[in-house]
Each structure stands twice: as structure tokens, then as C-alpha cells.
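As provided, structure18.pdb (PDB, C-alpha atoms, pLDDT in the B column) reads as follows.
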ATOM      1  CA  MET A   1     -13.657  -9.943  12.264  1.00 79.00           C
ATOM      2  CA  LYS A   2     -10.078 -11.167  12.578  1.00 90.00           C
ATOM      3  CA  LYS A   3      -7.632  -8.995  10.659  1.00 97.00           C
ATOM      4  CA  VAL A   4      -4.247  -9.839  12.219  1.00 98.00           C
ATOM      5  CA  TYR A   5      -2.451 -12.900  10.822  1.00 98.00           C
ATOM      6  CA  GLY A   6       0.722 -14.627  11.927  1.00 97.00           C
ATOM      7  CA  SER A   7       2.680 -14.541   8.664  1.00 98.00           C
ATOM      8  CA  ALA A   8       2.528 -13.260   5.098  1.00 98.00           C
ATOM      9  CA  ALA A   9       1.784 -16.772   3.824  1.00 98.00           C
ATOM     10  CA  GLU A  10      -1.084 -17.133   6.300  1.00 98.00           C
ATOM     11  CA  ALA A  11      -2.483 -13.729   5.336  1.00 98.00           C
ATOM     12  CA  LEU A  12      -2.491 -14.716   1.641  1.00 98.00           C
ATOM     13  CA  GLU A  13      -4.121 -18.101   2.246  1.00 98.00           C
ATOM     14  CA  GLY A  14      -7.282 -18.548   0.209  1.00 98.00           C
ATOM     15  CA  VAL A  15      -6.754 -15.279  -1.674  1.00 98.00           C
ATOM     16  CA  LEU A  16      -4.263 -16.141  -4.430  1.00 98.00           C
ATOM     17  CA  PHE A  17      -5.204 -17.650  -7.794  1.00 98.00           C
ATOM     18  CA  ASP A  18      -3.512 -17.890 -11.178  1.00 98.00           C
ATOM     19  CA  GLY A  19      -4.226 -14.999 -13.545  1.00 98.00           C
ATOM     20  CA  MET A  20      -5.184 -12.546 -10.811  1.00 98.00           C
ATOM     21  CA  PHE A  21      -4.717  -8.757 -10.884  1.00 98.00           C
ATOM     22  CA  ILE A  22      -2.645  -7.312  -8.024  1.00 98.00           C
ATOM     23  CA  ALA A  23      -2.116  -3.651  -7.104  1.00 98.00           C
ATOM     24  CA  SER A  24       1.148  -3.187  -5.222  1.00 98.00           C
ATOM     25  CA  GLY A  25       2.262  -0.156  -3.234  1.00 98.00           C
ATOM     26  CA  GLY A  26       5.757   1.265  -3.069  1.00 96.00           C
ATOM     27  CA  PHE A  27       8.051   3.399  -5.191  1.00 95.00           C
ATOM     28  CA  GLY A  28      11.296   1.797  -6.287  1.00 91.00           C
ATOM     29  CA  LEU A  29      12.294  -0.080  -3.130  1.00 94.00           C
ATOM     30  CA  CYS A  30      10.709   2.449  -0.760  1.00 95.00           C
ATOM     31  CA  GLY A  31       7.642   1.189   1.060  1.00 96.00           C
ATOM     32  CA  ILE A  32       7.254  -2.019  -0.933  1.00 97.00           C
ATOM     33  CA  PRO A  33       5.375  -5.026   0.525  1.00 98.00           C
ATOM     34  CA  GLU A  34       8.499  -7.212   0.443  1.00 97.00           C
ATOM     35  CA  LEU A  35       7.201  -9.941   2.771  1.00 98.00           C
ATOM     36  CA  LEU A  36       3.999 -10.427   0.798  1.00 98.00           C
ATOM     37  CA  LEU A  37       5.890 -10.483  -2.499  1.00 98.00           C
ATOM     38  CA  ASP A  38       8.194 -13.184  -1.120  1.00 98.00           C
ATOM     39  CA  ALA A  39       5.151 -15.190  -0.041  1.00 98.00           C
ATOM     40  CA  ILE A  40       3.553 -14.873  -3.490  1.00 98.00           C
ATOM     41  CA  LYS A  41       6.778 -16.161  -5.014  1.00 98.00           C
ATOM     42  CA  ASP A  42       6.789 -19.131  -2.644  1.00 98.00           C
ATOM     43  CA  ALA A  43       3.124 -19.841  -3.432  1.00 98.00           C
ATOM     44  CA  GLY A  44       3.989 -20.155  -7.130  1.00 98.00           C
ATOM     45  CA  THR A  45       0.951 -18.162  -8.276  1.00 98.00           C
ATOM     46  CA  LYS A  46       1.417 -17.378 -11.982  1.00 98.00           C
ATOM     47  CA  ASP A  47       0.090 -15.352 -14.943  1.00 98.00           C
ATOM     48  CA  LEU A  48      -0.131 -12.309 -12.681  1.00 98.00           C
ATOM     49  CA  THR A  49      -0.908  -8.753 -13.723  1.00 98.00           C
ATOM     50  CA  PHE A  50       0.629  -6.104 -11.468  1.00 98.00           C
ATOM     51  CA  ALA A  51      -0.281  -2.432 -11.213  1.00 98.00           C
ATOM     52  CA  SER A  52       2.748  -0.831  -9.602  1.00 97.00           C
ATOM     53  CA  ASN A  53       4.844   2.242 -10.263  1.00 95.00           C
ATOM     54  CA  ASN A  54       7.752  -0.030 -11.188  1.00 93.00           C
ATOM     55  CA  ALA A  55       9.059  -3.511 -10.419  1.00 94.00           C
ATOM     56  CA  GLY A  56      11.860  -2.873  -7.942  1.00 90.00           C
ATOM     57  CA  VAL A  57      15.222  -4.349  -8.910  1.00 91.00           C
ATOM     58  CA  ASP A  58      16.197  -7.746 -10.314  1.00 91.00           C
ATOM     59  CA  ASP A  59      16.409  -9.557  -6.978  1.00 92.00           C
ATOM     60  CA  PHE A  60      14.053  -7.568  -4.760  1.00 94.00           C
ATOM     61  CA  GLY A  61      10.443  -6.433  -4.898  1.00 93.00           C
ATOM     62  CA  ILE A  62       8.335  -7.508  -7.869  1.00 96.00           C
ATOM     63  CA  GLY A  63      11.645  -8.269  -9.587  1.00 95.00           C
ATOM     64  CA  ILE A  64      11.776 -11.644  -7.849  1.00 96.00           C
ATOM     65  CA  LEU A  65       8.476 -12.582  -9.509  1.00 97.00           C
ATOM     66  CA  LEU A  66       9.785 -11.511 -12.903  1.00 97.00           C
ATOM     67  CA  GLN A  67      12.768 -13.808 -12.413  1.00 96.00           C
ATOM     68  CA  THR A  68      10.460 -16.772 -11.808  1.00 97.00           C
ATOM     69  CA  LYS A  69       8.215 -15.800 -14.769  1.00 97.00           C
ATOM     70  CA  GLN A  70       5.142 -15.471 -12.540  1.00 98.00           C
ATOM     71  CA  VAL A  71       4.168 -12.081 -14.026  1.00 98.00           C
ATOM     72  CA  LYS A  72       2.560 -11.786 -17.471  1.00 98.00           C
ATOM     73  CA  LYS A  73       1.787  -8.038 -17.476  1.00 98.00           C
ATOM     74  CA  MET A  74       2.902  -4.852 -15.734  1.00 97.00           C
ATOM     75  CA  ILE A  75       0.908  -1.611 -15.535  1.00 97.00           C
ATOM     76  CA  SER A  76       3.681   0.805 -14.607  1.00 96.00           C
ATOM     77  CA  SER A  77       5.206   4.240 -15.002  1.00 94.00           C
ATOM     78  CA  TYR A  78       8.854   3.290 -15.010  1.00 89.00           C
ATOM     79  CA  VAL A  79      11.003   0.305 -15.940  1.00 85.00           C
ATOM     80  CA  GLY A  80      13.543   1.608 -13.421  1.00 75.00           C
ATOM     81  CA  GLU A  81      16.678  -0.247 -12.378  1.00 81.00           C
ATOM     82  CA  ASN A  82      15.299  -3.671 -13.262  1.00 89.00           C
ATOM     83  CA  ALA A  83      17.311  -5.198 -16.103  1.00 91.00           C
ATOM     84  CA  GLU A  84      15.116  -8.319 -16.229  1.00 94.00           C
ATOM     85  CA  PHE A  85      11.997  -6.149 -16.549  1.00 94.00           C
ATOM     86  CA  MET A  86      13.591  -4.387 -19.517  1.00 92.00           C
ATOM     87  CA  ARG A  87      14.783  -7.636 -21.090  1.00 94.00           C
ATOM     88  CA  GLN A  88      11.398  -9.359 -20.843  1.00 95.00           C
ATOM     89  CA  TYR A  89       9.578  -6.308 -22.225  1.00 93.00           C
ATOM     90  CA  LEU A  90      11.914  -5.817 -25.185  1.00 93.00           C
ATOM     91  CA  SER A  91      11.860  -9.541 -26.007  1.00 95.00           C
ATOM     92  CA  GLY A  92       8.055  -9.660 -25.950  1.00 95.00           C
ATOM     93  CA  GLU A  93       7.887 -12.032 -22.979  1.00 96.00           C
ATOM     94  CA  LEU A  94       6.150  -9.466 -20.768  1.00 97.00           C
ATOM     95  CA  LYS A  95       3.226  -7.198 -21.589  1.00 97.00           C
ATOM     96  CA  LEU A  96       3.626  -3.600 -20.427  1.00 96.00           C
ATOM     97  CA  GLU A  97       1.019  -0.857 -20.163  1.00 96.00           C
ATOM     98  CA  PHE A  98       2.741   2.454 -19.497  1.00 93.00           C
ATOM     99  CA  ASN A  99       0.862   4.923 -17.284  1.00 95.00           C
ATOM    100  CA  PRO A 100       2.125   8.329 -16.139  1.00 96.00           C
ATOM    101  CA  GLN A 101       2.672   8.283 -12.387  1.00 96.00           C
ATOM    102  CA  GLY A 102      -0.106  10.705 -11.535  1.00 97.00           C
ATOM    103  CA  THR A 103      -2.518   8.919 -13.839  1.00 98.00           C
ATOM    104  CA  LEU A 104      -1.682   5.540 -12.291  1.00 98.00           C
ATOM    105  CA  ALA A 105      -2.159   6.853  -8.757  1.00 98.00           C
ATOM    106  CA  GLU A 106      -5.476   8.456  -9.704  1.00 98.00           C
ATOM    107  CA  ARG A 107      -6.655   5.298 -11.488  1.00 98.00           C
ATOM    108  CA  MET A 108      -6.089   3.374  -8.248  1.00 98.00           C
ATOM    109  CA  ARG A 109      -7.740   6.041  -6.090  1.00 98.00           C
ATOM    110  CA  ALA A 110     -10.687   6.324  -8.476  1.00 98.00           C
ATOM    111  CA  GLY A 111     -11.243   2.574  -8.450  1.00 98.00           C
ATOM    112  CA  GLY A 112     -11.234   2.604  -4.662  1.00 98.00           C
ATOM    113  CA  CYS A 113     -13.804   5.405  -4.617  1.00 97.00           C
ATOM    114  CA  GLY A 114     -16.172   3.736  -7.066  1.00 97.00           C
ATOM    115  CA  ILE A 115     -15.306   6.121  -9.920  1.00 98.00           C
ATOM    116  CA  PRO A 116     -15.217   4.125 -13.184  1.00 98.00           C
ATOM    117  CA  GLY A 117     -13.285   6.686 -15.208  1.00 98.00           C
ATOM    118  CA  PHE A 118     -11.997  10.246 -15.421  1.00 98.00           C
ATOM    119  CA  TYR A 119     -10.549  12.681 -17.954  1.00 98.00           C
ATOM    120  CA  THR A 120      -6.972  13.974 -17.883  1.00 98.00           C
ATOM    121  CA  LYS A 121      -4.762  16.042 -20.184  1.00 97.00           C
ATOM    122  CA  THR A 122      -1.720  13.941 -19.325  1.00 97.00           C
ATOM    123  CA  GLY A 123      -0.701  11.841 -22.321  1.00 96.00           C
ATOM    124  CA  VAL A 124      -2.701  13.699 -24.970  1.00 97.00           C
ATOM    125  CA  GLY A 125      -0.850  13.548 -28.293  1.00 96.00           C
ATOM    126  CA  THR A 126       1.378  10.640 -27.192  1.00 96.00           C
ATOM    127  CA  VAL A 127       1.225   6.845 -27.453  1.00 93.00           C
ATOM    128  CA  ILE A 128      -0.465   6.892 -24.036  1.00 94.00           C
ATOM    129  CA  ALA A 129      -3.595   8.288 -25.715  1.00 97.00           C
ATOM    130  CA  GLU A 130      -3.835   5.700 -28.474  1.00 96.00           C
ATOM    131  CA  GLY A 131      -7.169   3.887 -28.467  1.00 96.00           C
ATOM    132  CA  LYS A 132      -8.600   6.009 -25.658  1.00 97.00           C
ATOM    133  CA  GLU A 133     -11.642   8.252 -25.759  1.00 98.00           C
ATOM    134  CA  HIS A 134     -10.864  11.944 -26.364  1.00 98.00           C
ATOM    135  CA  LYS A 135     -13.107  14.794 -25.274  1.00 98.00           C
ATOM    136  CA  ASP A 136     -12.789  18.577 -25.316  1.00 98.00           C
ATOM    137  CA  PHE A 137     -13.493  20.731 -22.253  1.00 98.00           C
ATOM    138  CA  ASN A 138     -13.240  24.519 -22.588  1.00 97.00           C
ATOM    139  CA  GLY A 139     -11.180  24.186 -25.736  1.00 97.00           C
ATOM    140  CA  GLU A 140      -8.712  21.670 -24.262  1.00 97.00           C
ATOM    141  CA  THR A 141      -8.472  18.000 -25.224  1.00 98.00           C
ATOM    142  CA  TYR A 142      -8.529  15.307 -22.547  1.00 98.00           C
ATOM    143  CA  ILE A 143      -8.336  11.525 -22.620  1.00 98.00           C
ATOM    144  CA  MET A 144     -10.389   9.174 -20.511  1.00 98.00           C
ATOM    145  CA  GLU A 145      -8.649   6.797 -18.122  1.00 98.00           C
ATOM    146  CA  GLU A 146     -10.423   3.952 -16.358  1.00 98.00           C
ATOM    147  CA  GLY A 147     -10.304   3.405 -12.612  1.00 98.00           C
ATOM    148  CA  ILE A 148      -8.417   0.332 -11.423  1.00 98.00           C
ATOM    149  CA  VAL A 149     -10.115  -2.343  -9.333  1.00 98.00           C
ATOM    150  CA  ALA A 150      -7.686  -5.147  -8.475  1.00 98.00           C
ATOM    151  CA  ASP A 151      -8.394  -8.627  -7.153  1.00 98.00           C
ATOM    152  CA  LEU A 152      -5.799  -8.011  -4.431  1.00 98.00           C
ATOM    153  CA  ALA A 153      -3.939  -5.011  -3.033  1.00 98.00           C
ATOM    154  CA  ILE A 154      -0.658  -5.553  -1.171  1.00 98.00           C
ATOM    155  CA  VAL A 155       0.869  -2.612   0.677  1.00 98.00           C
ATOM    156  CA  LYS A 156       3.429  -1.734   3.329  1.00 98.00           C
ATOM    157  CA  ALA A 157       2.676   0.571   6.269  1.00 98.00           C
ATOM    158  CA  TRP A 158       4.566   1.698   9.357  1.00 98.00           C
ATOM    159  CA  LYS A 159       1.884   1.201  12.003  1.00 98.00           C
ATOM    160  CA  ALA A 160      -1.548  -0.362  12.186  1.00 98.00           C
ATOM    161  CA  ASP A 161      -4.051  -1.034  14.906  1.00 98.00           C
ATOM    162  CA  ALA A 162      -6.036  -4.260  15.004  1.00 96.00           C
ATOM    163  CA  THR A 163      -8.901  -2.702  13.029  1.00 97.00           C
ATOM    164  CA  GLY A 164      -6.574  -1.826  10.124  1.00 98.00           C
ATOM    165  CA  ASN A 165      -6.173   1.921  10.557  1.00 98.00           C
ATOM    166  CA  LEU A 166      -2.802   2.705   8.942  1.00 98.00           C
ATOM    167  CA  VAL A 167       0.027   5.187   9.385  1.00 98.00           C
ATOM    168  CA  PHE A 168       2.744   5.376   6.734  1.00 98.00           C
ATOM    169  CA  ARG A 169       6.228   6.742   7.376  1.00 97.00           C
ATOM    170  CA  LYS A 170       7.324   9.772   5.352  1.00 97.00           C
ATOM    171  CA  THR A 171       8.001   9.026   1.648  1.00 96.00           C
ATOM    172  CA  ALA A 172       7.141   5.348   2.149  1.00 96.00           C
ATOM    173  CA  ARG A 173       3.512   6.474   1.901  1.00 97.00           C
ATOM    174  CA  ASN A 174       3.907   7.033  -1.901  1.00 97.00           C
ATOM    175  CA  PHE A 175       1.584   4.698  -3.885  1.00 98.00           C
ATOM    176  CA  ASN A 176       0.493   2.684  -0.850  1.00 98.00           C
ATOM    177  CA  PRO A 177      -2.782   4.456   0.059  1.00 98.00           C
ATOM    178  CA  PRO A 178      -4.281   4.473  -3.463  1.00 98.00           C
ATOM    179  CA  ALA A 179      -3.095   0.901  -4.057  1.00 98.00           C
ATOM    180  CA  ALA A 180      -4.756  -0.215  -0.825  1.00 98.00           C
ATOM    181  CA  MET A 181      -8.006   1.489  -1.778  1.00 98.00           C
ATOM    182  CA  CYS A 182      -8.447  -0.259  -5.116  1.00 98.00           C
ATOM    183  CA  GLY A 183      -8.169  -3.893  -4.004  1.00 98.00           C
ATOM    184  CA  LYS A 184     -11.210  -6.102  -3.543  1.00 98.00           C
ATOM    185  CA  VAL A 185      -9.067  -7.621  -0.795  1.00 98.00           C
ATOM    186  CA  CYS A 186      -6.331  -5.525   0.830  1.00 98.00           C
ATOM    187  CA  ILE A 187      -3.486  -7.141   2.772  1.00 98.00           C
ATOM    188  CA  VAL A 188      -1.037  -4.924   4.643  1.00 98.00           C
ATOM    189  CA  GLU A 189       2.348  -5.717   6.136  1.00 98.00           C
ATOM    190  CA  VAL A 190       3.461  -3.419   8.942  1.00 98.00           C
ATOM    191  CA  GLU A 191       6.401  -2.829  11.237  1.00 98.00           C
ATOM    192  CA  GLU A 192       4.269  -2.406  14.341  1.00 98.00           C
ATOM    193  CA  ILE A 193       0.743  -3.221  15.482  1.00 98.00           C
ATOM    194  CA  VAL A 194      -0.434  -0.874  18.211  1.00 98.00           C
ATOM    195  CA  PRO A 195      -3.461  -1.118  20.530  1.00 97.00           C
ATOM    196  CA  THR A 196      -6.770  -0.091  19.008  1.00 96.00           C
ATOM    197  CA  GLY A 197      -7.571   3.480  20.015  1.00 95.00           C
ATOM    198  CA  SER A 198      -3.934   4.486  20.539  1.00 97.00           C
ATOM    199  CA  LEU A 199      -3.574   6.200  17.145  1.00 97.00           C
ATOM    200  CA  ASP A 200      -4.487   9.870  17.012  1.00 97.00           C
ATOM    201  CA  PRO A 201      -7.317  10.030  14.447  1.00 97.00           C
ATOM    202  CA  ASP A 202      -5.642  13.038  12.841  1.00 97.00           C
ATOM    203  CA  THR A 203      -2.508  10.991  12.110  1.00 96.00           C
ATOM    204  CA  ILE A 204      -4.261   8.087  10.367  1.00 98.00           C
ATOM    205  CA  HIS A 205      -3.464   8.092   6.643  1.00 98.00           C
ATOM    206  CA  LEU A 206      -5.826   5.295   5.604  1.00 98.00           C
ATOM    207  CA  PRO A 207      -8.884   4.102   7.557  1.00 98.00           C
ATOM    208  CA  GLY A 208      -9.289   0.446   8.405  1.00 98.00           C
ATOM    209  CA  ILE A 209     -12.426   0.122   6.257  1.00 97.00           C
ATOM    210  CA  TYR A 210     -10.094  -0.551   3.310  1.00 98.00           C
ATOM    211  CA  VAL A 211      -7.970  -3.167   5.094  1.00 98.00           C
ATOM    212  CA  HIS A 212      -8.902  -6.851   5.335  1.00 98.00           C
ATOM    213  CA  ARG A 213      -5.762  -8.544   6.648  1.00 98.00           C
ATOM    214  CA  ILE A 214      -2.627  -7.399   8.505  1.00 98.00           C
ATOM    215  CA  VAL A 215       0.700  -9.067   9.128  1.00 98.00           C
ATOM    216  CA  GLN A 216       3.597  -7.754  11.226  1.00 98.00           C
ATOM    217  CA  GLY A 217       7.170  -8.598  10.310  1.00 95.00           C
ATOM    218  CA  ASP A 218      10.816  -7.608   9.999  1.00 94.00           C
ATOM    219  CA  HIS A 219      11.832  -5.744   6.879  1.00 94.00           C
ATOM    220  CA  GLU A 220      15.116  -5.474   5.015  1.00 91.00           C
ATOM    221  CA  LYS A 221      14.398  -1.930   3.727  1.00 84.00           C
ATOM    222  CA  ARG A 222      17.011  -2.164   1.009  1.00 87.00           C
ATOM    223  CA  ILE A 223      18.244   1.100  -0.557  1.00 84.00           C
ATOM    224  CA  GLU A 224      18.000   1.226  -4.343  1.00 82.00           C
ATOM    225  CA  GLN A 225      20.647   3.873  -4.955  1.00 81.00           C
ATOM    226  CA  ARG A 226      22.960   4.601  -2.034  1.00 83.00           C
ATOM    227  CA  THR A 227      24.436   8.091  -2.211  1.00 86.00           C
ATOM    228  CA  VAL A 228      27.017   9.115   0.382  1.00 87.00           C
ATOM    229  CA  GLN A 229      29.224  12.138   0.778  1.00 87.00           C
ATOM    230  CA  GLU A 230      32.923  11.679   0.224  1.00 86.00           C
ATOM    231  CA  ALA A 231      35.078  12.075   3.316  1.00 81.00           C
TER     232      ALA A 231
END
Can you present the structure in this file as C-alpha cells?
Amino acid sequence: MKKVYGSAAEALEGVLFDGMFIASGGFGLCGIPELLLDAIKDAGTKDLTFASNNAGVDDFGIGILLQTKQVKKMISSYVGENAEFMRQYLSGELKLEFNPQGTLAERMRAGGCGIPGFYTKTGVGTVIAEGKEHKDFNGETYIMEEGIVADLAIVKAWKADATGNLVFRKTARNFNPPAAMCGKVCIVEVEEIVPTGSLDPDTIHLPGIYVHRIVQGDHEKRIEQRTVQEA
């Protein structure tokens, strides 16, 4: 089965539809699928729900889709540095479901593993727990969180082989593996495609069984907060 495509737009062809649910990897601007997000913007797909730690910044990452009003709901941990995200949420233009970071990552991983739900102590006694099932284990109260299964997962990796085995680079791994796992279709953008069999099996972070399409491209890798030492 062909997995390598010539461009982000080609990789998304036949996959996008209005109202779909997308899980997106990345943390801030680190390891985000910037090429695929640009292609979704160009496609004009609307009424999107995104599960992502945050939405990047105003003019990069998911932020570009907020600017064009293509997103109707975010499932996130952090509003972050995105002023438009904050404005749309506070004005009621954008729905927002807050999830603690660990809970969001586990919801994605659980969905990818076929686990429909799990119990966690995180969020008990807060607004996070409102409307959710509570259960006591060994005298401690837990809330149930549902696993996430998205129509599409878009992620960014460092290297891939033609079968979709992935290697992520350092902290750019972040939410990418669990996001990739939970998509009915998973599309990955990478910096390098290497020959099949050249990756050491012990260095593979995500097996190709989760990956449906791959695109190689050049990345801006913008830095969200640049911190330098004074001379």
C-alpha cells in the first residue's frame, strides 16, 4: 500500500470533510504539523473540532485556522500565547473543552489502544469533573474520562521509512505519538524519509501500523519564546 505522498495537499486528498474531528500533535510550536495545517487552511474545511494541547500562536499552527474561523471547538490544556484563541473563547465564538495535559495525552493513547474510558484523580473537585462519572477506589475518588478517537490525526516526526515507522526528535515527540494513535486515518509530515529497514528497531518511537500517509517537506520550526543570554 502506498504511504508516501508528494505534498501535504495530496496526502489530505479525499480525507477532509466539514465538521470532522482532528487530533493534532505538537506542544506550543514544537513538533507541530505545520505543513498539514497550512494545507487544511487552503482546503477551506470548516466546523472543525481539534484535540491539541494548545493552538500555537495567532499566525502559526492551529492559530491560522482560528483566524479563518475554520475551527468550532478546541479540546485543549492551555490557551497559551494565542490572543485570537482567547478572544474567540471569551466572546463565545469558540467552544473549549479544557483537559489537563496528562489526561488529554492518555485520552488519545487510550483511544488508539481501543480503551473506551479510564478513571483518574486529576480534576476531582474542579470544573473538569462536572458532569462526569465519579467512582471510589480504595477510599479515593476518581472521575471517568473517555478515550479519544478522531477522524484524522496529523503529526510531525523527524524520520520515517516508507512503511511509516517513525522517529521523533527530542522534545518534539511530546503529544505526537498519542495523537497519531487515536486517528482513524493518520497523516505524518517528516523531515526525512529513509530506506525501509535502515531504522534500528530499538529507536522507533511509533510503529508504522498506525500511519496511513506520509509527506516529506521543509519546515520553518518557529520558536515561540526566544530566550537568549545577554552579552
Resolved residues for the PyMOL selection byres ((chain A and resi 103-111) around 6) as a ChimeraX atom specification
/A:99-102,112-115,147-149,178-179,182
Please produce a file of those selected residues containing C-alpha atoms, as a PDB file, in the coordinates of the input.
ATOM      1  CA  ASN A  99       0.862   4.923 -17.284  1.00 95.00           C
ATOM      2  CA  PRO A 100       2.125   8.329 -16.139  1.00 96.00           C
ATOM      3  CA  GLN A 101       2.672   8.283 -12.387  1.00 96.00           C
ATOM      4  CA  GLY A 102      -0.106  10.705 -11.535  1.00 97.00           C
ATOM      5  CA  GLY A 112     -11.234   2.604  -4.662  1.00 98.00           C
ATOM      6  CA  CYS A 113     -13.804   5.405  -4.617  1.00 97.00           C
ATOM      7  CA  GLY A 114     -16.172   3.736  -7.066  1.00 97.00           C
ATOM      8  CA  ILE A 115     -15.306   6.121  -9.920  1.00 98.00           C
ATOM      9  CA  GLY A 147     -10.304   3.405 -12.612  1.00 98.00           C
ATOM     10  CA  ILE A 148      -8.417   0.332 -11.423  1.00 98.00           C
ATOM     11  CA  VAL A 149     -10.115  -2.343  -9.333  1.00 98.00           C
ATOM     12  CA  PRO A 178      -4.281   4.473  -3.463  1.00 98.00           C
ATOM     13  CA  ALA A 179      -3.095   0.901  -4.057  1.00 98.00           C
ATOM     14  CA  CYS A 182      -8.447  -0.259  -5.116  1.00 98.00           C
TER      15      CYS A 182
END
Pick from A:Arg87, A:Lys159, A:Lys132, A:Lys170 nearest to A:Pro195, counting all atoms listed in the file
A:Lys159
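Taking atom CA of A:Ala180 and atom CA of A:Gly31 as the two end points, the separation is 12.6 Å.
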Result set, the PyMOL selection byres ((chain A and resi 198) around 12) on current file, as a PyMOL selection string
chain A and resi 159-163+165-167+193-197+199-204
Return as a VMD selection string the set of residues that the PyMOL selection byres ((chain A and resi 158) around 7) yields on the displayed structure.
chain A and resid 157 159 167 to 169 190 to 192
For stretch 218-220 of chain A, work out the shell of residues within 12 Å, counting all atoms listed in the file and skipping chain neighbours fewer than 6 positions away, then give it as a PyMOL selection string.
chain A and resi 7-8+29-36+38+60-61+156-158+189-192
Separation of atom CA of A:Gly208 and atom CA of A:Pro116, in Å?
22.7 Å
Might you pull out every residue within 10 Å of A:Ile62, with all atoms listed in the file counted and same-chain residues fewer than 2 positions away left off, and present them as a compact mmCIF listing (two decimals) with C-alpha atoms, keeping the file's coordinate frame?
# COMPACT_ATOMS: atom_id res chain seq x y z
CA SER A 24 1.15 -3.19 -5.22
CA GLY A 28 11.30 1.80 -6.29
CA LEU A 29 12.29 -0.08 -3.13
CA ILE A 32 7.25 -2.02 -0.93
CA PRO A 33 5.38 -5.03 0.52
CA GLU A 34 8.50 -7.21 0.44
CA LEU A 37 5.89 -10.48 -2.50
CA ASP A 38 8.19 -13.18 -1.12
CA ILE A 40 3.55 -14.87 -3.49
CA LYS A 41 6.78 -16.16 -5.01
CA PHE A 50 0.63 -6.10 -11.47
CA SER A 52 2.75 -0.83 -9.60
CA ASN A 54 7.75 -0.03 -11.19
CA ALA A 55 9.06 -3.51 -10.42
CA GLY A 56 11.86 -2.87 -7.94
CA VAL A 57 15.22 -4.35 -8.91
CA ASP A 58 16.20 -7.75 -10.31
CA ASP A 59 16.41 -9.56 -6.98
CA PHE A 60 14.05 -7.57 -4.76
CA ILE A 64 11.78 -11.64 -7.85
CA LEU A 65 8.48 -12.58 -9.51
CA LEU A 66 9.78 -11.51 -12.90
CA GLN A 67 12.77 -13.81 -12.41
CA GLN A 70 5.14 -15.47 -12.54
CA VAL A 71 4.17 -12.08 -14.03
CA MET A 74 2.90 -4.85 -15.73
CA ASN A 82 15.30 -3.67 -13.26
CA PHE A 85 12.00 -6.15 -16.55
Just the number, please: distance in Å from atom CA of A:Leu48 to atom CA of A:Asp18, one decimal.
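Between these atoms lies a distance of 6.7 Å.
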Of the listed residues A:Glu230, A:Asp151, A:Glu97, A:Glu13, that which approaches A:Glu130 most closely, counting all atoms listed in the file:
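Using all atoms listed in the file, the shortest distance to A:Glu130 belongs to A:Glu97.
Residue nearest A:Ala172, chosen from A:Gly25, A:Gly19, A:Gly14, A:Gly63 and counting all atoms listed in the file: A:Gly25.
In terms of minimum interatomic distance to A:Thr126, A:Phe98 ranks closest within A:Lys221, A:Phe98, A:Asp47, A:Ala23, counting all atoms listed in the file.
Considering the residues A:Leu96, A:Ile154, A:Met1, A:Val124 and counting all atoms listed in the file, A:Glu140 has its shortest atom-to-atom contact with A:Val124.
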(-13.5, 16.8, -25.1) in this file's frame - what residues fall within 12 Å of it? Use all atoms listed in the file and give the answer as a PDB file with C-alpha atoms, keeping the file's coordinate frame.
ATOM      1  CA  PHE A 118     -11.997  10.246 -15.421  1.00 98.00           C
ATOM      2  CA  TYR A 119     -10.549  12.681 -17.954  1.00 98.00           C
ATOM      3  CA  THR A 120      -6.972  13.974 -17.883  1.00 98.00           C
ATOM      4  CA  LYS A 121      -4.762  16.042 -20.184  1.00 97.00           C
ATOM      5  CA  VAL A 124      -2.701  13.699 -24.970  1.00 97.00           C
ATOM      6  CA  LYS A 132      -8.600   6.009 -25.658  1.00 97.00           C
ATOM      7  CA  GLU A 133     -11.642   8.252 -25.759  1.00 98.00           C
ATOM      8  CA  HIS A 134     -10.864  11.944 -26.364  1.00 98.00           C
ATOM      9  CA  LYS A 135     -13.107  14.794 -25.274  1.00 98.00           C
ATOM     10  CA  ASP A 136     -12.789  18.577 -25.316  1.00 98.00           C
ATOM     11  CA  PHE A 137     -13.493  20.731 -22.253  1.00 98.00           C
ATOM     12  CA  ASN A 138     -13.240  24.519 -22.588  1.00 97.00           C
ATOM     13  CA  GLY A 139     -11.180  24.186 -25.736  1.00 97.00           C
ATOM     14  CA  GLU A 140      -8.712  21.670 -24.262  1.00 97.00           C
ATOM     15  CA  THR A 141      -8.472  18.000 -25.224  1.00 98.00           C
ATOM     16  CA  TYR A 142      -8.529  15.307 -22.547  1.00 98.00           C
ATOM     17  CA  ILE A 143      -8.336  11.525 -22.620  1.00 98.00           C
ATOM     18  CA  MET A 144     -10.389   9.174 -20.511  1.00 98.00           C
TER      19      MET A 144
END
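Closest to A:Lys73 among A:Ala51, A:Leu94, A:Val127, A:Met86 is A:Leu94, based on only C-alpha atoms.
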